[in-house]
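Peer 1: File my_file.csv follows (CSV, C-alpha atoms):
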chain,number,residue,atom,x,y,z
A,1,GLY,CA,4.7,-18.1,-45.8
A,2,ALA,CA,2.7,-20.5,-43.7
A,3,GLY,CA,-0.5,-20.3,-45.7
A,4,VAL,CA,-2.0,-18.9,-48.8
A,5,SER,CA,-2.3,-15.2,-48.7
A,6,GLN,CA,-4.4,-12.9,-50.8
A,7,SER,CA,-4.6,-9.2,-51.2
A,8,PRO,CA,-6.4,-6.9,-50.9
A,9,SER,CA,-8.8,-8.4,-48.4
A,10,ASN,CA,-11.6,-6.1,-49.5
A,11,LYS,CA,-12.0,-4.1,-52.7
A,12,VAL,CA,-14.7,-1.6,-53.6
A,13,THR,CA,-14.7,-0.4,-57.2
A,14,GLU,CA,-17.0,1.4,-59.6
A,15,LYS,CA,-18.7,-0.3,-62.5
A,16,GLY,CA,-16.5,-0.2,-65.5
A,17,LYS,CA,-13.1,-0.1,-63.7
A,18,ASP,CA,-10.5,-2.8,-63.9
A,19,VAL,CA,-9.3,-4.6,-60.7
A,20,GLU,CA,-6.4,-6.9,-59.9
A,21,LEU,CA,-6.5,-9.5,-57.2
A,22,ARG,CA,-3.3,-11.1,-55.9
A,23,CYS,CA,-2.6,-14.6,-54.5
A,24,ASP,CA,0.6,-15.9,-52.9
A,25,PRO,CA,0.4,-19.7,-52.7
A,26,ILE,CA,2.0,-21.9,-50.1
A,27,SER,CA,5.7,-22.3,-50.8
A,28,GLY,CA,6.4,-25.5,-52.7
A,29,HIS,CA,2.8,-25.8,-54.0
A,30,THR,CA,2.8,-25.9,-57.8
A,31,ALA,CA,-0.9,-26.1,-58.3
A,32,LEU,CA,-2.9,-22.9,-57.9
A,33,TYR,CA,-6.7,-22.4,-58.3
A,34,TRP,CA,-9.0,-19.4,-58.4
A,35,TYR,CA,-12.6,-19.8,-57.3
A,36,ARG,CA,-15.5,-17.3,-56.9
A,37,GLN,CA,-18.1,-17.4,-54.2
A,38,SER,CA,-21.2,-15.4,-54.8
A,39,LEU,CA,-23.8,-14.7,-52.1
A,40,GLY,CA,-25.8,-17.8,-51.4
A,41,GLN,CA,-23.8,-19.9,-53.9
A,42,GLY,CA,-21.2,-22.5,-53.6
A,43,LEU,CA,-17.6,-22.0,-54.8
A,44,GLU,CA,-17.3,-21.8,-58.5
A,45,PHE,CA,-14.1,-22.8,-60.3
A,46,LEU,CA,-12.5,-20.1,-62.4
A,47,ILE,CA,-8.9,-21.1,-63.5
A,48,TYR,CA,-6.2,-23.6,-62.6
A,49,PHE,CA,-2.4,-23.4,-63.0
A,50,GLN,CA,-0.1,-26.3,-62.7
A,51,GLY,CA,3.6,-25.7,-62.9
A,52,ASN,CA,4.6,-24.4,-66.4
A,53,SER,CA,1.7,-26.0,-68.2
A,54,ALA,CA,-0.8,-23.9,-70.0
A,55,PRO,CA,-3.6,-22.9,-67.5
A,56,ASP,CA,-7.0,-24.4,-67.6
A,57,LYS,CA,-9.3,-21.4,-68.1
A,58,SER,CA,-12.5,-23.3,-68.6
A,59,GLY,CA,-14.2,-21.7,-65.6
A,60,LEU,CA,-13.7,-18.1,-66.5
A,61,PRO,CA,-17.2,-16.6,-67.0
A,62,SER,CA,-16.2,-14.1,-69.7
A,63,ASP,CA,-13.3,-12.6,-71.6
A,64,ARG,CA,-13.2,-9.8,-69.1
A,65,PHE,CA,-11.6,-12.2,-66.7
A,66,SER,CA,-7.9,-13.2,-67.0
A,67,ALA,CA,-5.2,-14.5,-64.8
A,68,GLU,CA,-1.5,-15.0,-64.9
A,69,ARG,CA,1.1,-16.7,-62.7
A,70,THR,CA,4.6,-15.3,-62.8
A,71,GLY,CA,7.6,-17.5,-62.0
A,72,GLY,CA,5.3,-20.4,-61.0
A,73,SER,CA,4.4,-18.7,-57.7
A,74,VAL,CA,2.3,-15.5,-57.3
A,75,SER,CA,-0.8,-15.2,-59.3
A,76,THR,CA,-2.9,-12.2,-60.3
A,77,LEU,CA,-6.6,-12.4,-61.3
A,78,THR,CA,-7.7,-9.4,-63.4
A,79,ILE,CA,-11.2,-8.4,-64.1
A,80,GLN,CA,-11.7,-5.7,-66.8
A,81,ARG,CA,-14.6,-3.4,-67.0
A,82,THR,CA,-16.2,-4.7,-63.8
A,83,GLN,CA,-19.9,-5.3,-63.6
A,84,GLN,CA,-22.1,-5.5,-60.6
A,85,GLU,CA,-22.6,-9.2,-61.0
A,86,ASP,CA,-18.8,-9.6,-60.5
A,87,SER,CA,-19.3,-8.8,-56.8
A,88,ALA,CA,-18.3,-11.8,-54.9
A,89,VAL,CA,-15.5,-13.3,-52.7
A,90,TYR,CA,-12.6,-14.4,-54.8
A,91,LEU,CA,-10.7,-17.3,-53.3
A,92,CYS,CA,-7.4,-18.7,-54.2
A,93,ALA,CA,-6.2,-22.2,-53.3
A,94,SER,CA,-3.0,-24.1,-53.8
A,95,SER,CA,-2.0,-27.7,-53.5
A,96,LEU,CA,1.0,-30.0,-54.1
A,97,ALA,CA,1.9,-31.1,-57.6
A,98,GLY,CA,-0.3,-33.5,-59.4
A,99,GLY,CA,-3.6,-31.9,-58.8
A,100,TYR,CA,-5.3,-34.7,-56.8
A,101,ASN,CA,-4.2,-33.3,-53.4
A,102,GLU,CA,-6.2,-31.4,-50.9
A,103,GLN,CA,-6.4,-27.7,-51.7
A,104,PHE,CA,-5.6,-25.1,-49.1
A,105,PHE,CA,-7.5,-21.8,-49.4
A,106,GLY,CA,-6.5,-18.2,-48.8
A,107,PRO,CA,-8.7,-15.8,-46.9
A,108,GLY,CA,-10.2,-14.4,-50.1
A,109,THR,CA,-10.8,-10.9,-51.5
A,110,ARG,CA,-14.3,-9.5,-51.1
A,111,LEU,CA,-15.0,-7.5,-54.3
A,112,THR,CA,-17.9,-5.1,-54.4
A,113,VAL,CA,-18.8,-3.4,-57.6
A,114,LEU,CA,-20.9,-0.3,-57.2
B,1,GLU,CA,-24.1,-31.7,-65.6
B,2,ASP,CA,-22.1,-32.4,-62.5
B,3,LYS,CA,-23.9,-31.7,-59.4
B,4,VAL,CA,-23.1,-31.7,-55.6
B,5,VAL,CA,-26.1,-31.3,-53.3
B,6,GLN,CA,-25.8,-30.6,-49.6
B,7,SER,CA,-28.6,-30.9,-47.0
B,8,PRO,CA,-29.8,-29.3,-44.9
B,9,LEU,CA,-29.0,-25.8,-46.1
B,10,SER,CA,-29.0,-24.6,-42.5
B,11,LEU,CA,-29.2,-26.1,-39.1
B,12,VAL,CA,-29.5,-24.7,-35.6
B,13,VAL,CA,-28.6,-26.9,-32.6
B,14,HIS,CA,-27.5,-26.5,-29.0
B,15,GLU,CA,-24.2,-27.2,-27.5
B,16,GLY,CA,-23.7,-30.9,-26.8
B,17,ASP,CA,-26.0,-32.0,-29.6
B,18,THR,CA,-24.8,-34.4,-32.4
B,19,VAL,CA,-25.3,-33.4,-36.0
B,20,THR,CA,-25.1,-35.1,-39.3
B,21,LEU,CA,-24.5,-33.2,-42.5
B,22,ASN,CA,-25.3,-34.8,-45.9
B,23,CYS,CA,-23.7,-34.5,-49.3
B,24,SER,CA,-24.9,-36.3,-52.4
B,25,TYR,CA,-23.3,-36.1,-55.8
B,26,GLU,CA,-23.8,-36.9,-59.4
B,27,VAL,CA,-20.5,-36.3,-61.2
B,28,THR,CA,-18.6,-38.0,-64.0
B,29,ASN,CA,-15.2,-39.5,-63.3
B,30,PHE,CA,-15.5,-39.2,-59.6
B,31,ARG,CA,-12.2,-39.5,-57.7
B,32,SER,CA,-12.6,-38.1,-54.2
B,33,LEU,CA,-14.9,-36.1,-51.9
B,34,LEU,CA,-13.7,-33.3,-49.7
B,35,TRP,CA,-15.2,-31.5,-46.7
B,36,TYR,CA,-14.2,-28.0,-45.7
B,37,LYS,CA,-15.2,-25.7,-42.8
B,38,GLN,CA,-15.7,-22.1,-43.7
B,39,GLU,CA,-16.0,-19.6,-40.8
B,40,LYS,CA,-15.0,-16.2,-42.1
B,41,LYS,CA,-13.8,-16.4,-45.7
B,42,ALA,CA,-11.1,-19.1,-46.0
B,43,PRO,CA,-12.4,-22.7,-46.2
B,44,THR,CA,-10.3,-24.9,-44.0
B,45,PHE,CA,-9.7,-28.5,-45.1
B,46,LEU,CA,-11.3,-31.2,-43.0
B,47,PHE,CA,-11.3,-34.6,-44.8
B,48,MET,CA,-10.7,-36.1,-48.2
B,49,LEU,CA,-12.4,-39.4,-48.8
B,50,THR,CA,-11.5,-41.6,-51.7
B,51,SER,CA,-12.5,-45.1,-50.6
B,52,SER,CA,-16.0,-46.2,-49.8
B,53,GLY,CA,-16.9,-47.3,-46.3
B,54,ILE,CA,-13.8,-46.2,-44.5
B,55,GLU,CA,-14.5,-43.7,-41.8
B,56,LYS,CA,-12.1,-40.8,-41.3
B,57,LYS,CA,-12.0,-39.2,-37.9
B,58,SER,CA,-10.5,-36.1,-36.3
B,59,GLY,CA,-11.5,-35.3,-32.8
B,60,ARG,CA,-15.3,-34.9,-32.6
B,61,LEU,CA,-15.6,-34.9,-36.4
B,62,SER,CA,-15.9,-38.0,-38.6
B,63,SER,CA,-16.9,-38.6,-42.2
B,64,ILE,CA,-17.6,-41.6,-44.4
B,65,LEU,CA,-18.2,-42.0,-48.1
B,66,ASP,CA,-20.6,-44.4,-49.9
B,67,LYS,CA,-19.6,-44.7,-53.6
B,68,LYS,CA,-22.5,-47.0,-54.4
B,69,GLU,CA,-25.2,-44.6,-53.2
B,70,LEU,CA,-23.1,-41.5,-54.1
B,71,PHE,CA,-23.2,-39.7,-50.8
B,72,SER,CA,-21.1,-38.7,-47.8
B,73,ILE,CA,-22.0,-37.7,-44.3
B,74,LEU,CA,-20.1,-35.5,-41.9
B,75,ASN,CA,-20.8,-36.1,-38.2
B,76,ILE,CA,-20.0,-33.7,-35.4
B,77,THR,CA,-20.5,-35.0,-31.8
B,78,ALA,CA,-20.8,-33.0,-28.7
B,79,THR,CA,-21.1,-29.8,-30.7
B,80,GLN,CA,-19.5,-26.5,-29.4
B,81,THR,CA,-20.2,-22.9,-30.4
B,82,GLY,CA,-16.9,-22.9,-32.2
B,83,ASP,CA,-18.3,-25.5,-34.6
B,84,SER,CA,-20.6,-22.8,-36.0
B,85,ALA,CA,-19.7,-22.4,-39.6
B,86,ILE,CA,-20.6,-23.2,-43.2
B,87,TYR,CA,-19.6,-26.8,-44.0
B,88,LEU,CA,-18.7,-27.3,-47.7
B,89,CYS,CA,-18.6,-30.5,-49.6
B,90,ALA,CA,-16.8,-30.8,-52.9
B,91,THR,CA,-16.0,-33.6,-55.4
B,92,MET,CA,-12.7,-33.9,-57.1
B,93,ASN,CA,-12.9,-35.7,-60.5
B,94,TYR,CA,-10.6,-37.3,-62.9
B,95,GLY,CA,-9.9,-35.7,-66.2
B,96,GLY,CA,-10.7,-32.1,-67.2
B,97,SER,CA,-8.9,-29.7,-64.9
B,98,GLN,CA,-7.1,-32.1,-62.7
B,99,GLY,CA,-8.1,-31.5,-59.1
B,100,ASN,CA,-10.6,-28.7,-59.7
B,101,LEU,CA,-13.3,-29.0,-57.1
B,102,ILE,CA,-17.1,-29.0,-57.7
B,103,PHE,CA,-18.7,-27.5,-54.6
B,104,GLY,CA,-22.1,-27.8,-53.0
B,105,LYS,CA,-23.8,-24.7,-51.7
B,106,GLY,CA,-22.9,-25.6,-48.1
B,107,THR,CA,-24.7,-26.3,-44.8
B,108,LYS,CA,-24.8,-23.4,-42.4
B,109,LEU,CA,-24.5,-24.8,-38.9
B,110,SER,CA,-25.3,-22.6,-35.9
B,111,VAL,CA,-24.5,-24.0,-32.4
B,112,LYS,CA,-26.3,-22.1,-29.6
B,113,PRO,CA,-24.9,-22.1,-26.1
Since I need it in another form, could you write the structure as structure tokens?
Peer 2:
Amino acid sequence: GAGVSQSPSNKVTEKGKDVELRCDPISGHTALYWYRQSLGQGLEFLIYFQGNSAPDKSGLPSDRFSAERTGGSVSTLTIQRTQQEDSAVYLCASSLAGGYNEQFFGPGTRLTVL
Amino acid sequence: EDKVVQSPLSLVVHEGDTVTLNCSYEVTNFRSLLWYKQEKKAPTFLFMLTSSGIEKKSGRLSSILDKKELFSILNITATQTGDSAIYLCATMNYGGSQGNLIFGKGTKLSVKP
């Protein structure tokens, strides 16, 4: 596609439920990032995938968060046993190989945990 | 701890005004500074600055980086209502997770007709 796409655009869930968020990066982009933007806060790095290398998970806030990237393209961010503090906009970005290139963001998924 | 600070946090101007947004940083292994515009949810890329003192320009927007004083400014001349958005500044650092960005909290710009 022309840009990074994410689904769903909005997700409302109950505390304790698991959620899956999806990201389709720009075709040909081998680097993929997940960020979280909480109300009034800047974007917070969560996880980074580069090609077939092991992902950098250093930004994941707890072991309830995990992500995978299948076939070097689509990525899924999973949050288990959601908590109210997980409510945020989850943004995905992709860039060309190497990492030191501008990142292009998707429209995000707004997650609300009741 | 790496830190990116933007000022002001919010700004209200009228169409035609010129604005300057500020971004200062204290990060280890600095490589580049990026500016993004966020209107709804997706931040859109504006500039990436790696060299000090070289102005980058796109239409009415321009930006420059000072690596000695550790800051950057984003200028918007002849503002329009369509410039209303949150402007995000981020640093990209060497090492660690290559290319992961450290963001400031943003400057919310409102341009009134």
Peer 1: Under the rule that only C-alpha atoms are counted, which of B:Gly59, B:Gly95, B:Pro113, B:Pro43 is the nearest residue to chain A?
Peer 2: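 With only C-alpha atoms as the atom set, the closest residue is B:Pro43.
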Peer 1: For a quick test of understanding: name the residues of chain A lying within 6 Å of chain B when counting all atoms listed in the file, and present them as number ranges by chain.
Peer 2: A: 41-43, 99-100, 105-107
Peer 1: Which polymer residues have any atom within 9 Å of an atom of Leu111 of chain A, counting all atoms listed in the file, with same-chain residues fewer than 5 positions away left out, as a list in words?
Peer 2: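 The neighbour list is Ser9, Asn10, Lys11, Val12, Thr13, Asp86, Ser87, Ala88, Val89 and Tyr90 of chain A.
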Peer 1: Show me, as a VMD selection string, the residues that have an atom within 9 Å of Ser5 of chain A when counting only C-alpha atoms, minus same-chain residues fewer than 2 positions from it.
Peer 2: chain A and resid 1 to 3 7 22 to 26 92 105 to 108
Peer 1: Considering all atoms listed in the file, state which residue in the set A:Thr112, A:Asn52, A:Ser73, A:Thr78 is at the smallest distance from Val4 of chain A.
Peer 2: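 The closest residue to Val4 of chain A is A:Ser73.
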